Amino acid sequence: MINNQVPGDPIYVYKGERVQVRVRNNILPDRPVYGGVGMQVSVHFHGIRQISSVDSDGVPFLTQRPLQPGESFLHEFNVPDQTGTFFYHAHVGLQEMSVFGAMVVYESEASDPTAIVAKDKLADGPFTYDDERIIALSEWWHTDRGQFEAYYLGLNFTRIFEADSFLINGQGIYDSGIDLDSYCKGYAIIPVQQDKVYRLRIIGAMTFRTVGFAIAGHKMTVIEVDGDYIKPYNVDFLEVSAGQRFSVLITTNNTVDDYGINLVRRWSDNLPSATNGHAILQYQKKTSELVPWSFDDETDLPAGTRILSRANLQPTFPLNDTVHWFWNNLEPYFGKDPIVERQSNRTIKLRGSQAIQNGMTRWYINYISFMEGLENVILYDVLNKTRPLPQISDRNPITGYDKTLGTYTLDHLEIVDIVIQTTHLEEEPCHSHPWHTHGHSHWEIAYGNGEYTEERDGRIRNVPNPIYKDLTLVYPGESEKLYASPDQKEIGCGWSKIRILADNPGIWAMHCHNSPHMYMGMMLAFEESPQLIIDESDDVKDFQYIQKRISKGNNTIKTYAKFLKMVLKSTTNAFAYKIPAHVINCYIERADIFTTSTSTEMDYLAKIWTEIFDLLFANQNVNVK
Ligand SMILES: [Cu+2]
């Protein structure tokens, strides 16, 4: 738990703020350890790009040592260019089952419900609404976590067990047919007032399953996916995978009553879709007899009725799962990023597979299974310069895997297309896999069936308006035996192609967010321009940040200009870099010119940046080569 709660307290910050979070491992060392990763912990801020702060990304052995009981770690990072819904969660073993909490980045005070006068509307980006609610979805098993982890890695593994409960904001009723203890809080209640617009921030903090989410009697308008705005899109239900976040707007224009919120299993092969994951959207001042759950202390018996018996107030879901769901209908709010139209520098293929080795089941990416418990922290070796720099000649031309370093190396500012290939064994069904990228959001630009081949599929671009997100569910497609090579036991059954711009030097995990899969090896590390990873002053970080934003080339040129100006003005250290004052002033003036966003102006600003950068690093001995 975080601070004795599941979920932990939400973290609220404003865009542009510097965030400090100290994580302390207070797991009691006298607790018996049954196996797994034991008492260690580390915390990852999911979706936060950690620009120039890879050391705060919270991934054991990539960016830090896992914390032993009693140890603490200060995460410190900027949130310069993101607003929306994020979450933090443990990144050790299967701890994230209960070690997680919401993180919200507000654009400004105008979007912070605690900062405005009650009658005002909230405004965040292009949207206005009356209030907001966090809805975190998770799963819960009645198993000791250590035993659970040991089971996954051990000889007795047969399959991933279904969660005993699906929770909403950490609450639920395991079995609604039995009497409950007085400390059971019952279903989570989401209180609302009639005739308002609410932003629901829905967080997929599940460990394993992709779920359907719907609210009886309320349509949802999706406005945010993974911390980026999209053009409003209306849905009756959401398909939420582990690691995904959505913001939806709902209008509470129904009669005052209780409305069921249900979770169902999606992509669960032949399992029943119904779960025990429920919550209640409760219009306040309700006077009906429908008390969703309460406990009578005098009789020691449950009192009231449960909303779940009122079928007319339960949401419904489509019977069948649909490959790629609504993704092709979404559009980025501020238009398509020009990066998605460019040619990529290269394409690499990550082929996931499952196999049994020495009696133990593992997941592999390109036949390498990622295991926690490496000896050194890769980032520390990079900063200490005890690790060799990547050589292009060591890279596998198809997979991109660097056999010397054991990572996937990326060059600064290259555009890399990553094919995530899903496979299955003949006796197993094809699974879906929710893939998450650390340090970057990405664009899913294509998807398809069977086994991806460059000749046949390389030019496919079937996502019309790729959005910027940090999680892509690779759907189970159809199998194509034809494309499995003779020595391969597994059959390609679906792929997605995502694009990243390597604009954030660091050691970044990429993994399936189905945690048992990850724990059994479905993870890899990107080693991105390690010679540019800096462990230096904030000024240098700021400059790297500007460079990154300009090179990315999206539509917020005004922000760049403003930021550039601000940094130049505030950076008295610029003078330490021996840039003459009149040159600084000249740059400030030029930054002032930009008031609209055209590509010419962006090119111009990029040129200014290059000049500054050259000047800076010609005069200053920093860790940039
Ligand atoms: Cu997976």
# chains A, B, ... in the order shown; residues from 1 in each chain; ligands from 1
$ residues_near_ligand --ligand "ligand 1" --cutoff "9 Å" --atoms "only C-alpha atoms and all ligand atoms" --output "list in words"
Phe208, Gly352, Trp363, Thr422, His431, Ser432, His433, Pro434, Trp435, Val474, His511, Cys512, His513, Asn514, Ser515, Pro516, His517, Met518 and Met522 of chain A
$ residues_around --residues "region 72-82 of chain A" --least-positions-apart "3" --cutoff "8 Å" --atoms "only C-alpha atoms" --output "PyMOL selection string"
chain A and resi 14-25+48-51+53+55-57+67+105+227-228
$ write_last_selection --atoms "C-alpha atoms" --output "short mmCIF file (atom, residue, chain, number, x, y, z; two decimals), in the first residue's frame"
data_model
loop_
_atom_site.label_atom_id
_atom_site.label_comp_id
_atom_site.auth_asym_id
_atom_site.auth_seq_id
_atom_site.Cartn_x
_atom_site.Cartn_y
_atom_site.Cartn_z
CA TYR A 14 0.42 21.93 -12.54
CA LYS A 15 2.06 21.78 -15.90
CA GLY A 16 5.51 23.34 -15.75
CA GLU A 17 6.08 22.50 -12.14
CA ARG A 18 9.04 20.68 -10.77
CA VAL A 19 7.83 17.63 -8.88
CA GLN A 20 9.55 15.99 -5.94
CA VAL A 21 8.28 12.70 -4.59
CA ARG A 22 10.11 10.75 -1.93
CA VAL A 23 9.39 7.05 -1.95
CA ARG A 24 10.24 5.25 1.25
CA ASN A 25 10.18 1.47 1.53
CA ILE A 48 5.43 11.02 -17.43
CA ARG A 49 8.11 11.40 -20.06
CA GLN A 50 10.89 12.26 -17.60
CA ILE A 51 12.57 14.64 -19.99
CA SER A 53 15.31 13.01 -15.66
CA ASP A 55 17.06 8.79 -13.09
CA SER A 56 13.54 9.33 -11.69
CA ASP A 57 11.80 6.78 -13.92
CA LEU A 67 14.78 0.09 -2.51
CA VAL A 105 -1.31 17.23 -14.27
CA GLY A 227 -2.19 12.50 -21.32
CA ASP A 228 -2.98 13.97 -24.74
#
$ closest_atom_pairs --of "region 76-185 of chain A" --to "region 270-280 of chain A" --cutoff "12 Å" --atoms "only C-alpha atoms" --output "JSON lines"
{"residue": "A:Ile135", "atom": "CA", "partner": "A:Ala279", "partner_atom": "CA", "distance": 9.5}
{"residue": "A:Ala136", "atom": "CA", "partner": "A:Ala279", "partner_atom": "CA", "distance": 10.9}
{"residue": "A:Leu137", "atom": "CA", "partner": "A:Gly277", "partner_atom": "CA", "distance": 8.6}
{"residue": "A:Ser138", "atom": "CA", "partner": "A:Gly277", "partner_atom": "CA", "distance": 9.0}
{"residue": "A:Glu139", "atom": "CA", "partner": "A:Gly277", "partner_atom": "CA", "distance": 8.8}
{"residue": "A:Trp140", "atom": "CA", "partner": "A:Gly277", "partner_atom": "CA", "distance": 10.4}
{"residue": "A:Phe161", "atom": "CA", "partner": "A:Leu271", "partner_atom": "CA", "distance": 11.6}
{"residue": "A:Glu162", "atom": "CA", "partner": "A:Leu271", "partner_atom": "CA", "distance": 9.6}
{"residue": "A:Ala163", "atom": "CA", "partner": "A:Thr275", "partner_atom": "CA", "distance": 9.5}
{"residue": "A:Asp164", "atom": "CA", "partner": "A:Asn276", "partner_atom": "CA", "distance": 8.5}
{"residue": "A:Ser165", "atom": "CA", "partner": "A:Asn276", "partner_atom": "CA", "distance": 6.1}
{"residue": "A:Phe166", "atom": "CA", "partner": "A:Gly277", "partner_atom": "CA", "distance": 4.4}
{"residue": "A:Leu167", "atom": "CA", "partner": "A:Gly277", "partner_atom": "CA", "distance": 5.5}
{"residue": "A:Ile168", "atom": "CA", "partner": "A:Ala279", "partner_atom": "CA", "distance": 6.4}
{"residue": "A:Asn169", "atom": "CA", "partner": "A:Ala279", "partner_atom": "CA", "distance": 8.8}
{"residue": "A:Gly170", "atom": "CA", "partner": "A:Gly277", "partner_atom": "CA", "distance": 10.3}
{"residue": "A:Gln171", "atom": "CA", "partner": "A:Ala279", "partner_atom": "CA", "distance": 8.2}
{"residue": "A:Gly172", "atom": "CA", "partner": "A:Gly277", "partner_atom": "CA", "distance": 6.4}
{"residue": "A:Ile173", "atom": "CA", "partner": "A:Asn276", "partner_atom": "CA", "distance": 6.9}
{"residue": "A:Tyr174", "atom": "CA", "partner": "A:Asn276", "partner_atom": "CA", "distance": 6.4}
{"residue": "A:Asp175", "atom": "CA", "partner": "A:Asn276", "partner_atom": "CA", "distance": 7.4}
{"residue": "A:Ser176", "atom": "CA", "partner": "A:Asn276", "partner_atom": "CA", "distance": 8.2}
{"residue": "A:Gly177", "atom": "CA", "partner": "A:Asn276", "partner_atom": "CA", "distance": 11.2}
{"residue": "A:Lys185", "atom": "CA", "partner": "A:Ala279", "partner_atom": "CA", "distance": 11.4}
$ residues_around --residues "region 127-129 of chain A" --least-positions-apart "6" --cutoff "9 Å" --atoms "only C-alpha atoms" --output "number ranges by chain"
A: 111, 121, 196-199, 223, 249
$ write_last_selection --atoms "C-alpha atoms" --output "compact mmCIF listing (two decimals), in the first residue's frame"
# COMPACT_ATOMS: atom_id res chain seq x y z
CA SER A 111 -8.39 23.37 -14.28
CA LYS A 121 -16.43 26.06 -14.75
CA LYS A 196 -23.53 19.04 -14.53
CA VAL A 197 -20.70 18.01 -16.79
CA TYR A 198 -18.07 15.82 -15.15
CA ARG A 199 -14.67 14.81 -16.34
CA ILE A 223 -11.40 13.81 -24.66
CA LEU A 249 -17.03 13.88 -20.14
$ residues_around --residues "Thr255 (chain A)" --least-positions-apart "3" --cutoff "10 Å" --atoms "only C-alpha atoms" --output "mmCIF file with N, CA and C atoms, in the first residue's frame"
data_model
loop_
_atom_site.group_PDB
_atom_site.id
_atom_site.type_symbol
_atom_site.label_atom_id
_atom_site.label_comp_id
_atom_site.auth_asym_id
_atom_site.auth_seq_id
_atom_site.Cartn_x
_atom_site.Cartn_y
_atom_site.Cartn_z
ATOM 1 N N GLN A 194 -26.896 16.612 -10.169
ATOM 2 C CA GLN A 194 -27.669 16.583 -11.413
ATOM 3 C C GLN A 194 -27.331 17.794 -12.283
ATOM 4 N N ASP A 195 -27.427 17.581 -13.606
ATOM 5 C CA ASP A 195 -27.271 18.655 -14.594
ATOM 6 C C ASP A 195 -25.902 19.325 -14.554
ATOM 7 N N GLY A 217 -26.976 4.374 -18.392
ATOM 8 C CA GLY A 217 -27.710 5.603 -18.690
ATOM 9 C C GLY A 217 -26.865 6.807 -19.046
ATOM 10 N N THR A 252 -24.751 14.785 -16.415
ATOM 11 C CA THR A 252 -25.644 14.110 -15.446
ATOM 12 C C THR A 252 -27.062 14.654 -15.598
ATOM 13 N N ASP A 258 -29.411 6.123 -8.585
ATOM 14 C CA ASP A 258 -28.118 5.453 -8.607
ATOM 15 C C ASP A 258 -27.953 4.754 -9.946
ATOM 16 N N TYR A 283 -26.309 10.149 -8.007
ATOM 17 C CA TYR A 283 -26.775 11.532 -8.000
ATOM 18 C C TYR A 283 -27.106 11.898 -6.556
ATOM 19 N N LYS A 286 -30.490 11.966 -3.404
ATOM 20 C CA LYS A 286 -31.343 10.873 -3.806
ATOM 21 C C LYS A 286 -32.239 10.497 -2.620
#
$ closest_residue --among "A:Glu107, A:Met523, A:Trp443, A:Ile498" --to "Tyr367 (chain A)" --atoms "only C-alpha atoms"
A:Met523
$ select_by_dssp --residues "region 295-426 of chain A" --states "strand (DSSP E)" --output "PyMOL selection string"
chain A and resi 295-296+301-303+346-357+360-365+401-402+407-410+415-425
$ closest_atom_pairs --of "region 10-85 of chain A" --to "region 90-104 of chain A" --cutoff "8 Å" --atoms "only C-alpha atoms" --output "CSV"
residue,atom,partner,partner_atom,distance
A:Pro10,CA,A:Ala102,CA,4.5
A:Ile11,CA,A:Met103,CA,4.6
A:Tyr12,CA,A:Val104,CA,4.9
A:Val13,CA,A:Val104,CA,6.4
A:Gly36,CA,A:Gly93,CA,6.9
A:Val37,CA,A:Gly93,CA,5.9
A:Gln40,CA,A:Val92,CA,7.2
A:Val41,CA,A:Val92,CA,5.8
A:Ser42,CA,A:Ala90,CA,5.5
A:Val43,CA,A:Ala90,CA,4.3
A:His44,CA,A:His91,CA,6.0
A:Gly58,CA,A:His91,CA,7.0
A:Val59,CA,A:His91,CA,6.0
A:Pro60,CA,A:Val92,CA,7.2
A:Pro66,CA,A:Val92,CA,7.8
A:Thr83,CA,A:Val104,CA,7.5
A:Gly84,CA,A:Val104,CA,5.9
A:Thr85,CA,A:Val104,CA,4.9
$ closest_residue --among "A:Asn465, A:Thr322, A:Thr316, A:Asn376" --to "Asp337 (chain A)" --atoms "only C-alpha atoms"
A:Asn465
